[in-house]
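Structure file model-v7.txt with compact mmCIF, C-alpha atoms:
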# COMPACT_ATOMS: atom_id res chain seq x y z
CA MET A 13 33.93 -37.14 -18.98
CA LYS A 14 35.77 -39.98 -20.75
CA ILE A 15 37.17 -39.62 -24.28
CA ALA A 16 39.09 -41.81 -26.74
CA ILE A 17 41.96 -40.70 -28.98
CA TYR A 18 42.73 -42.49 -32.24
CA GLY A 19 45.18 -42.02 -35.08
CA GLN A 20 47.34 -43.96 -37.51
CA LYS A 21 50.30 -41.85 -38.59
CA PHE A 22 51.71 -38.79 -36.90
CA CYS A 23 54.06 -36.05 -38.09
CA LYS A 24 56.41 -34.03 -35.92
CA LYS A 25 54.84 -30.77 -37.11
CA ASN A 26 51.55 -31.82 -35.47
CA ILE A 27 53.04 -32.31 -32.00
CA PRO A 28 52.06 -28.81 -30.74
CA TYR A 29 48.39 -29.37 -31.64
CA LEU A 30 48.10 -32.70 -29.85
CA ASN A 31 50.10 -31.39 -26.88
CA ARG A 32 47.71 -28.47 -26.46
CA PHE A 33 44.72 -30.77 -26.70
CA ILE A 34 46.06 -33.21 -24.10
CA GLY A 35 46.92 -30.29 -21.82
CA TYR A 36 43.41 -28.87 -22.15
CA ALA A 37 41.74 -32.21 -21.45
CA SER A 38 43.96 -32.94 -18.47
CA SER A 39 43.36 -29.49 -16.94
CA HIS A 40 39.60 -30.04 -17.21
CA SER A 41 39.69 -33.46 -15.50
CA ILE A 42 38.75 -35.27 -18.70
CA GLU A 43 39.72 -38.95 -18.70
CA ILE A 44 41.80 -39.78 -21.78
CA HIS A 45 42.10 -43.25 -23.34
CA ILE A 46 44.47 -43.77 -26.31
CA GLU A 47 44.29 -46.52 -28.91
CA LYS A 48 47.27 -48.82 -28.34
CA SER A 49 48.81 -48.73 -31.83
CA PHE A 50 48.53 -44.94 -31.95
CA PHE A 51 50.11 -44.75 -28.48
CA ASN A 52 53.08 -46.72 -29.82
CA VAL A 53 53.41 -44.25 -32.70
CA LEU A 54 53.32 -41.28 -30.32
CA SER A 55 55.86 -42.90 -27.99
CA SER A 56 58.49 -42.65 -30.74
CA PHE A 57 58.52 -38.88 -30.19
CA LYS A 58 60.41 -37.58 -27.16
CA GLU A 59 57.62 -35.11 -26.44
CA PHE A 60 55.27 -38.04 -25.70
CA LYS A 61 57.65 -40.40 -23.91
CA ASN A 62 55.97 -39.76 -20.56
CA LEU A 63 52.36 -40.27 -21.65
CA ASN A 64 50.55 -42.22 -18.97
CA PHE A 65 46.97 -42.85 -20.06
CA PRO A 66 44.80 -45.99 -20.23
CA LEU A 67 44.96 -47.81 -23.57
CA PHE A 68 42.38 -49.63 -25.68
CA SER A 69 42.77 -51.92 -28.68
CA HIS A 70 39.39 -53.62 -29.15
CA HIS A 71 35.90 -52.34 -29.94
CA LYS A 72 34.51 -54.01 -26.82
CA GLU A 73 36.64 -51.68 -24.70
CA LEU A 74 34.83 -48.64 -26.10
CA THR A 75 31.83 -48.78 -23.82
CA LYS A 76 28.88 -46.41 -23.99
CA ASP A 77 30.25 -44.26 -21.15
CA PHE A 78 32.75 -42.73 -23.60
CA SER A 79 31.47 -39.29 -24.58
CA LEU A 80 33.59 -38.70 -27.70
CA MET A 81 36.33 -40.13 -29.89
CA PHE A 82 38.89 -37.68 -31.31
CA THR A 83 40.65 -38.81 -34.49
CA PHE A 84 43.88 -37.12 -35.58
CA GLY A 85 44.58 -37.62 -39.28
CA GLY A 86 42.41 -37.45 -42.36
CA ASP A 87 39.29 -39.11 -43.72
CA GLY A 88 41.02 -42.49 -43.88
CA THR A 89 41.63 -42.28 -40.15
CA ILE A 90 37.90 -41.84 -39.52
CA LEU A 91 37.09 -44.77 -41.82
CA SER A 92 39.52 -46.91 -39.85
CA ALA A 93 38.13 -45.65 -36.52
CA ILE A 94 34.62 -46.93 -37.25
CA THR A 95 35.91 -50.51 -36.98
CA LEU A 96 36.35 -49.69 -33.28
CA ILE A 97 33.31 -47.41 -32.84
CA ARG A 98 30.85 -49.81 -34.54
CA ASP A 99 27.37 -49.58 -32.97
CA SER A 100 28.49 -47.91 -29.72
CA GLY A 101 27.01 -44.55 -30.74
CA ILE A 102 30.14 -42.65 -29.65
CA PRO A 103 30.37 -39.43 -31.73
CA ILE A 104 33.58 -38.81 -33.69
CA VAL A 105 35.44 -35.48 -33.73
CA GLY A 106 37.70 -35.54 -36.80
CA VAL A 107 40.76 -33.28 -36.46
CA ASN A 108 42.27 -32.83 -39.90
CA THR A 109 46.05 -33.17 -39.80
CA GLY A 110 46.11 -34.59 -43.33
CA ASN A 111 45.23 -33.11 -46.71
CA LEU A 112 41.61 -33.21 -47.92
CA GLY A 113 39.71 -33.58 -44.67
CA PHE A 114 36.22 -33.99 -46.13
CA LEU A 115 34.96 -35.92 -43.09
CA ALA A 116 37.58 -34.62 -40.67
CA THR A 117 36.15 -31.13 -40.70
CA PHE A 118 38.05 -29.53 -37.81
CA ASN A 119 41.20 -27.88 -39.07
CA LYS A 120 44.12 -28.44 -36.71
CA ASP A 121 45.01 -24.72 -36.74
CA VAL A 122 41.70 -23.62 -35.17
CA PHE A 123 40.70 -26.83 -33.44
CA ILE A 124 41.65 -25.75 -29.92
CA GLU A 125 39.66 -22.52 -30.28
CA LYS A 126 36.49 -24.61 -30.68
CA ILE A 127 37.21 -27.21 -28.04
CA ASP A 128 34.94 -25.64 -25.41
CA LYS A 129 31.97 -25.85 -27.79
CA ILE A 130 32.80 -29.49 -28.56
CA PHE A 131 32.95 -30.57 -24.93
CA ASN A 132 29.88 -28.51 -24.03
CA LYS A 133 27.97 -30.21 -26.87
CA LYS A 134 27.14 -26.93 -28.60
CA LEU A 135 27.98 -28.25 -32.06
CA HIS A 136 25.91 -30.36 -34.42
CA ILE A 137 25.92 -34.17 -34.40
CA MET A 138 25.37 -35.56 -37.89
CA PRO A 139 24.25 -39.21 -38.26
CA ARG A 140 25.77 -41.04 -41.24
CA SER A 141 24.32 -44.27 -42.64
CA LEU A 142 26.43 -47.33 -43.38
CA LEU A 143 26.32 -50.31 -45.70
CA TYR A 144 26.07 -53.84 -44.34
CA LEU A 145 27.37 -56.84 -46.28
CA GLU A 146 26.26 -60.45 -46.07
CA THR A 147 27.83 -63.22 -48.14
CA SER A 148 26.72 -66.76 -48.89
CA ILE A 149 29.98 -68.09 -47.39
CA THR A 150 29.83 -67.96 -43.59
CA ASP A 151 33.59 -67.64 -43.06
CA HIS A 152 33.65 -64.30 -44.85
CA ASN A 153 31.26 -62.79 -42.33
CA LYS A 154 33.98 -62.88 -39.68
CA PHE A 155 35.52 -59.63 -40.92
CA PHE A 156 33.99 -56.26 -40.02
CA ASN A 157 31.32 -56.17 -42.72
CA PHE A 158 30.16 -52.55 -42.52
CA ALA A 159 31.24 -49.56 -44.63
CA LEU A 160 30.73 -45.83 -44.17
CA ASN A 161 31.80 -44.82 -47.68
CA GLU A 162 31.41 -47.68 -50.10
CA ILE A 163 31.63 -51.35 -50.94
CA VAL A 164 33.56 -52.02 -54.15
CA ILE A 165 33.64 -55.16 -56.28
CA LEU A 166 36.67 -55.16 -58.58
CA ARG A 167 38.33 -57.57 -61.02
CA LYS A 168 41.42 -59.40 -59.74
CA GLU A 169 44.42 -60.98 -61.48
CA THR A 170 43.02 -60.35 -64.93
CA VAL A 171 42.79 -57.54 -67.45
CA SER A 172 39.45 -58.91 -68.60
CA MET A 173 36.25 -57.34 -67.33
CA ILE A 174 33.93 -59.13 -64.96
CA THR A 175 30.17 -59.59 -65.19
CA ILE A 176 28.10 -58.54 -62.19
CA ASP A 177 24.46 -59.63 -62.12
CA ALA A 178 22.56 -57.14 -59.98
CA TYR A 179 19.16 -57.60 -58.36
CA ILE A 180 17.17 -55.03 -56.38
CA ASP A 181 14.89 -56.68 -53.81
CA ASN A 182 15.03 -59.92 -55.82
CA GLU A 183 14.05 -58.16 -59.07
CA PHE A 184 16.68 -58.43 -61.78
CA LEU A 185 18.23 -55.05 -62.58
CA THR A 186 21.00 -55.61 -65.12
CA SER A 187 24.30 -57.36 -65.79
CA TYR A 188 27.22 -54.95 -65.51
CA TRP A 189 30.09 -55.79 -67.84
CA ALA A 190 32.84 -53.66 -66.34
CA ASP A 191 35.99 -53.49 -64.25
CA GLY A 192 33.80 -53.44 -61.18
CA LEU A 193 30.91 -51.87 -59.31
CA ILE A 194 30.72 -49.34 -56.46
CA ILE A 195 27.84 -49.35 -53.99
CA SER A 196 28.10 -46.06 -52.12
CA THR A 197 26.38 -44.26 -49.26
CA PRO A 198 25.64 -40.53 -49.48
CA THR A 199 28.78 -40.00 -47.37
CA GLY A 200 30.85 -41.95 -49.89
CA SER A 201 29.29 -40.29 -52.92
CA THR A 202 32.13 -37.71 -52.90
CA GLY A 203 34.79 -40.46 -52.96
CA TYR A 204 35.49 -43.25 -55.44
CA SER A 205 31.97 -43.10 -56.87
CA LEU A 206 32.43 -39.44 -57.79
CA SER A 207 35.70 -40.28 -59.58
CA CYS A 208 33.79 -42.81 -61.70
CA GLY A 209 31.08 -40.33 -62.70
CA GLY A 210 28.63 -40.92 -59.84
CA PRO A 211 26.41 -38.14 -58.45
CA ILE A 212 27.01 -36.18 -55.25
CA ILE A 213 24.34 -36.98 -52.65
CA SER A 214 23.98 -34.85 -49.53
CA PRO A 215 24.32 -36.98 -46.38
CA ASP A 216 20.79 -36.40 -45.09
CA ASN A 217 19.33 -38.29 -48.07
CA LYS A 218 18.19 -41.88 -47.59
CA ASN A 219 19.76 -43.33 -50.70
CA PHE A 220 22.53 -45.52 -52.06
CA VAL A 221 24.14 -45.20 -55.48
CA LEU A 222 25.35 -47.99 -57.77
CA THR A 223 28.22 -46.75 -59.95
CA PRO A 224 29.85 -49.04 -62.54
CA ILE A 225 33.63 -48.83 -62.96
CA SER A 226 34.65 -48.45 -66.62
CA PRO A 227 31.59 -50.19 -68.10
CA HIS A 228 31.96 -51.45 -71.65
CA ASN A 229 28.86 -49.81 -73.08
CA LEU A 230 27.49 -46.32 -73.51
CA PHE A 231 24.23 -46.76 -71.64
CA SER A 232 25.40 -48.06 -68.26
CA ARG A 233 24.92 -45.16 -65.86
CA PRO A 234 24.97 -44.68 -62.07
CA LEU A 235 21.69 -45.54 -60.36
CA ILE A 236 20.31 -44.06 -57.15
CA ILE A 237 18.09 -46.34 -55.08
CA SER A 238 16.35 -46.11 -51.71
CA ASP A 239 18.42 -47.27 -48.75
CA HIS A 240 15.45 -49.42 -47.71
CA GLN A 241 16.17 -51.72 -50.63
CA LYS A 242 18.54 -54.68 -50.74
CA VAL A 243 21.12 -55.20 -53.47
CA TYR A 244 21.98 -58.79 -54.45
CA LEU A 245 25.06 -59.45 -56.59
CA LYS A 246 26.45 -62.45 -58.44
CA ILE A 247 29.91 -62.15 -59.97
CA HIS A 248 31.31 -63.99 -63.01
CA SER A 249 34.99 -63.78 -63.89
CA ARG A 250 37.62 -65.59 -65.95
CA VAL A 251 39.53 -66.22 -62.72
CA LYS A 252 38.13 -67.88 -59.62
CA SER A 253 38.20 -64.84 -57.31
CA TYR A 254 37.60 -61.10 -57.26
CA SER A 255 38.50 -58.18 -54.99
CA LEU A 256 36.10 -56.70 -52.49
CA SER A 257 36.87 -53.56 -50.52
CA MET A 258 34.93 -51.97 -47.67
CA ASP A 259 36.21 -48.44 -47.14
CA THR A 260 39.93 -48.99 -46.45
CA ARG A 261 39.75 -52.76 -45.96
CA LEU A 262 40.44 -55.22 -48.77
CA THR A 263 39.61 -58.91 -49.05
CA TYR A 264 39.09 -61.47 -51.81
CA LEU A 265 36.03 -63.59 -52.49
CA ASN A 266 35.27 -66.47 -54.81
CA GLN A 267 32.78 -66.44 -57.65
CA ASP A 268 30.50 -68.73 -55.66
CA ASP A 269 30.05 -66.04 -52.98
CA GLU A 270 26.76 -64.27 -53.57
CA LEU A 271 26.47 -60.86 -51.93
CA CYS A 272 23.62 -59.04 -50.21
CA ILE A 273 24.17 -55.36 -49.44
CA GLN A 274 21.75 -53.29 -47.39
CA LYS A 275 21.58 -50.44 -44.92
CA ALA A 276 23.25 -51.15 -41.58
CA PRO A 277 21.06 -51.20 -38.44
CA PHE A 278 23.06 -48.37 -36.81
CA TYR A 279 24.61 -44.98 -37.63
CA ILE A 280 28.01 -43.39 -37.22
CA TYR A 281 27.84 -39.92 -35.66
CA LEU A 282 30.17 -37.11 -36.76
CA ILE A 283 30.56 -33.83 -34.89
CA GLN A 284 30.32 -30.76 -37.14
CA GLU A 285 30.44 -27.02 -36.50
CA GLY A 286 26.96 -26.49 -37.81
CA LYS A 287 24.07 -28.31 -39.38
CA ASN A 288 24.37 -26.62 -42.76
CA THR A 289 28.11 -26.91 -43.52
CA TYR A 290 27.99 -29.63 -46.19
CA TYR A 291 27.76 -27.32 -49.20
CA LYS A 292 30.47 -25.08 -47.79
CA THR A 293 32.67 -28.18 -47.57
CA LEU A 294 31.90 -29.03 -51.21
CA ARG A 295 32.99 -25.56 -52.30
CA GLU A 296 36.16 -25.52 -50.22
CA LYS A 297 37.33 -29.13 -50.53
CA LEU A 298 36.18 -30.02 -54.06
CA LEU A 299 36.59 -26.49 -55.44
CA TRP A 300 32.99 -26.42 -56.64
CA GLY A 301 32.39 -23.27 -58.64
CA MET A 302 35.97 -22.04 -58.18
CA ASP A 303 36.22 -20.59 -61.67
CA GLN A 304 38.97 -17.97 -62.01
CA ARG A 305 36.60 -15.90 -64.16
CA ASN A 306 34.15 -15.41 -61.26
Please go through the file and, once you have read it, give me the structure as structure tokens.
Amino acid sequence: MKIAIYGQKFCKKNIPYLNRFIGYASSHSIEIHIEKSFFNVLSSFKEFKNLNFPLFSHHKELTKDFSLMFTFGGDGTILSAITLIRDSGIPIVGVNTGNLGFLATFNKDVFIEKIDKIFNKKLHIMPRSLLYLETSITDHNKFFNFALNEIVILRKETVSMITIDAYIDNEFLTSYWADGLIISTPTGSTGYSLSCGGPIISPDNKNFVLTPISPHNLFSRPLIISDHQKVYLKIHSRVKSYSLSMDTRLTYLNQDDELCIQKAPFYIYLIQEGKNTYYKTLREKLLWGMDQRN
């Protein structure tokens, strides 16, 4: 079996967890490959000075013979990892060494206890849909234009609101007069969209949600649409450019850049303990229903 290891930051207190994991994998003849930048981070700790594993730094190096990718960090680490995973179909095991851990569902304290089930494929693999972005300016398509959580259009270099003309499958929807607009997947519905008043959508639904950011009217509300539909956007601003973010990645586009957002032609696969753990995660991570009176 061949596995990949990915991370971004690493704290000294997490050394015992990663050491135990590497020891387990090595003792079971599992071939370990470490992302190059993460390897450099680990090498700064004396405990990992003698690591001698193959490295990877490009998505083309993650071939389909990899069985799993293990991410050590939080949800942001998983969002960054998908730029390497892409359409390879390699399932992700998110080990939560951060804070919230909504996507990284394996707590570092009990992770090793469940490692046999992970390697023996006795846990559930959950497919998650992504957004795919096309722009009218070819040069902008060179960046990784997929998002697991959301695509966000946001005003830039001005305190004035922007106008976003939205079309659904070429039918005019509305003009949002706001600070911006969030187009979110069900996975991302518990992120930025939720903070702006958007609904929570369980990940097995085939929907997207459009959530305006600070709209300047009382009747502009989040809208749920089918993920089979395409969203076309035209942006008008007092300045020439605006901000566009895709998960953790930020870029800037010009007003002339028309956007088309639709469902990506592939899924990202996350390993979970069980099929029906989503609502448990909502209760534990978002404190749903945690009223002191109950």
Suppose you want the space between atom CA of Glu285 of chain A and atom CA of Leu142 of chain A; what is it in Å?
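Between these atoms lies a distance of 21.8 Å.
The interatomic distance for the pair atom CA of Ile102 of chain A and atom CA of Lys133 of chain A works out to 12.9 Å.
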- Item | Contacts of Ile176 of chain A at 8 Å (all atoms listed in the file; same-chain gap of 2+ positions) as a PyMOL selection string | chain A and resi 174+178+187-190+192-193+245-248
What separates atom CA of Ser141 of chain A and atom CA of Thr186 of chain A is a distance of 25.4 Å
One residue among A:Cys23, A:Leu145, A:Ala16, A:Leu230 is nearest to Gly85 of chain A when using only C-alpha atoms, and that residue is A:Cys23
Set out as a Markdown table a contact list for segment 71-130 of chain A and segment 255-264 of chain A with a cut-off of 8 Å, giving each residue of segment 71-130 of chain A that qualifies its closest atom pair and distance in Å to one decimal, counting only C-alpha atoms, ordered by chain and rising residue number.
| residue | atom | partner | partner_atom | distance |
| --- | --- | --- | --- | --- |
| A:Gly88 | CA | A:Thr260 | CA | 7.1 |
| A:Leu91 | CA | A:Asp259 | CA | 6.5 |
| A:Ser92 | CA | A:Thr260 | CA | 6.9 |
Name the closest residue to Thr199 of chain A among the candidates A:Pro234, A:Pro139, A:Pro224, A:Gly101; distances are taken between atoms, counting all atoms listed in the file.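 The closest residue to Thr199 of chain A is A:Pro139.
Restricting the calculation to all atoms listed in the file, the smallest distance between Ile280 of chain A and any of A:Pro103, A:Lys25, A:Ser55, A:His45 is found for A:Pro103.
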Shell around Ala116 of chain A at 9 Å using all atoms listed in the file, local window under 6 positions removed, as a PyMOL selection string: chain A and resi 83-87+89-90+105-110+282+284
Give as an mmCIF file with C-alpha atoms, in the frame of the given file the set of residues within 12 Å of the point (52.5, -47.7, -28.4), where distances use the file's coordinates and all atoms listed in the file.
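Okay, part-v7.cif is ready:
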data_model
loop_
_atom_site.group_PDB
_atom_site.id
_atom_site.type_symbol
_atom_site.label_atom_id
_atom_site.label_comp_id
_atom_site.auth_asym_id
_atom_site.auth_seq_id
_atom_site.Cartn_x
_atom_site.Cartn_y
_atom_site.Cartn_z
ATOM 1 C CA TYR A 18 42.730 -42.490 -32.240
ATOM 2 C CA GLY A 19 45.180 -42.020 -35.080
ATOM 3 C CA GLN A 20 47.340 -43.960 -37.510
ATOM 4 C CA LYS A 21 50.300 -41.850 -38.590
ATOM 5 C CA ILE A 46 44.470 -43.770 -26.310
ATOM 6 C CA GLU A 47 44.290 -46.520 -28.910
ATOM 7 C CA LYS A 48 47.270 -48.820 -28.340
ATOM 8 C CA SER A 49 48.810 -48.730 -31.830
ATOM 9 C CA PHE A 50 48.530 -44.940 -31.950
ATOM 10 C CA PHE A 51 50.110 -44.750 -28.480
ATOM 11 C CA ASN A 52 53.080 -46.720 -29.820
ATOM 12 C CA VAL A 53 53.410 -44.250 -32.700
ATOM 13 C CA LEU A 54 53.320 -41.280 -30.320
ATOM 14 C CA SER A 55 55.860 -42.900 -27.990
ATOM 15 C CA SER A 56 58.490 -42.650 -30.740
ATOM 16 C CA PHE A 57 58.520 -38.880 -30.190
ATOM 17 C CA PHE A 60 55.270 -38.040 -25.700
ATOM 18 C CA LYS A 61 57.650 -40.400 -23.910
ATOM 19 C CA ASN A 62 55.970 -39.760 -20.560
ATOM 20 C CA LEU A 63 52.360 -40.270 -21.650
ATOM 21 C CA ASN A 64 50.550 -42.220 -18.970
ATOM 22 C CA PHE A 65 46.970 -42.850 -20.060
ATOM 23 C CA PRO A 66 44.800 -45.990 -20.230
ATOM 24 C CA LEU A 67 44.960 -47.810 -23.570
ATOM 25 C CA PHE A 68 42.380 -49.630 -25.680
ATOM 26 C CA SER A 69 42.770 -51.920 -28.680
#
Write out as a compact mmCIF listing (two decimals) with C-alpha atoms, in the frame of the given file the residues lying within 8 Å of Arg167 of chain A, counting all atoms listed in the file and excluding same-chain residues fewer than 3 positions away.
# COMPACT_ATOMS: atom_id res chain seq x y z
CA THR A 170 43.02 -60.35 -64.93
CA VAL A 171 42.79 -57.54 -67.45
CA SER A 172 39.45 -58.91 -68.60
CA MET A 173 36.25 -57.34 -67.33
CA ILE A 174 33.93 -59.13 -64.96
CA ASP A 191 35.99 -53.49 -64.25
CA GLY A 192 33.80 -53.44 -61.18
CA SER A 249 34.99 -63.78 -63.89
CA TYR A 254 37.60 -61.10 -57.26
CA SER A 255 38.50 -58.18 -54.99
Residue with the minimum atom-to-atom distance to Ser253 of chain A, picked from A:Leu96, A:Ile213, A:Leu235, A:Leu265 with all atoms listed in the file counted, is A:Leu265
For segment 233-237 of chain A, I'd like the enclosing box, axis-aligned and padded by 8 Å on every side, reported as JSON with centre and edge lengths in Å to one decimal.
{"center_x": 21.5, "center_y": -45.2, "center_z": -60.5, "size_x": 22.9, "size_y": 18.3, "size_z": 26.8}
Find the residues around Asp239 of chain A up to 8 Å (all atoms listed in the file counted), leave out those fewer than 3 positions away in its own chain, and share them as a list in words. Lys218, Asn219, Phe220, Lys242, Gln274 and Lys275 of chain A
Take the residues from that selection and put them in a file with C-alpha atoms, as a PDB file, in the frame of the given file.
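In the end it all went to result-v7.pdb:
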ATOM      1  CA  LYS A 218      18.190 -41.880 -47.590  1.00  0.00           C
ATOM      2  CA  ASN A 219      19.760 -43.330 -50.700  1.00  0.00           C
ATOM      3  CA  PHE A 220      22.530 -45.520 -52.060  1.00  0.00           C
ATOM      4  CA  LYS A 242      18.540 -54.680 -50.740  1.00  0.00           C
ATOM      5  CA  GLN A 274      21.750 -53.290 -47.390  1.00  0.00           C
ATOM      6  CA  LYS A 275      21.580 -50.440 -44.920  1.00  0.00           C
TER       7      LYS A 275
END
Which residues are close to Thr147 of chain A, i.e. within 12 Å by all atoms listed in the file, leaving aside same-chain residues fewer than 6 positions away? Reply as number ranges by chain.
A: 153-155, 157, 243-246, 256, 264-274
Those same residues, written as an mmCIF file, keeping the file's coordinate frame with C-alpha atoms?
data_model
loop_
_atom_site.group_PDB
_atom_site.id
_atom_site.type_symbol
_atom_site.label_atom_id
_atom_site.label_comp_id
_atom_site.auth_asym_id
_atom_site.auth_seq_id
_atom_site.Cartn_x
_atom_site.Cartn_y
_atom_site.Cartn_z
ATOM 1 C CA ASN A 153 31.260 -62.790 -42.330
ATOM 2 C CA LYS A 154 33.980 -62.880 -39.680
ATOM 3 C CA PHE A 155 35.520 -59.630 -40.920
ATOM 4 C CA ASN A 157 31.320 -56.170 -42.720
ATOM 5 C CA VAL A 243 21.120 -55.200 -53.470
ATOM 6 C CA TYR A 244 21.980 -58.790 -54.450
ATOM 7 C CA LEU A 245 25.060 -59.450 -56.590
ATOM 8 C CA LYS A 246 26.450 -62.450 -58.440
ATOM 9 C CA LEU A 256 36.100 -56.700 -52.490
ATOM 10 C CA TYR A 264 39.090 -61.470 -51.810
ATOM 11 C CA LEU A 265 36.030 -63.590 -52.490
ATOM 12 C CA ASN A 266 35.270 -66.470 -54.810
ATOM 13 C CA GLN A 267 32.780 -66.440 -57.650
ATOM 14 C CA ASP A 268 30.500 -68.730 -55.660
ATOM 15 C CA ASP A 269 30.050 -66.040 -52.980
ATOM 16 C CA GLU A 270 26.760 -64.270 -53.570
ATOM 17 C CA LEU A 271 26.470 -60.860 -51.930
ATOM 18 C CA CYS A 272 23.620 -59.040 -50.210
ATOM 19 C CA ILE A 273 24.170 -55.360 -49.440
ATOM 20 C CA GLN A 274 21.750 -53.290 -47.390
#
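Proximity of A:Lys297, A:His40, A:Lys72, A:Lys58 to Thr202 of chain A, computed with only C-alpha atoms, is greatest for A:Lys297.
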Exercise for the section: Have a look at A:Ser226, A:Leu206, A:Met13, A:Leu298 and name the one nearest to Asn132 of chain A; count only C-alpha atoms. Expected result: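 Looking only at the distances to Asn132 of chain A, the closest residue turns out to be A:Met13.
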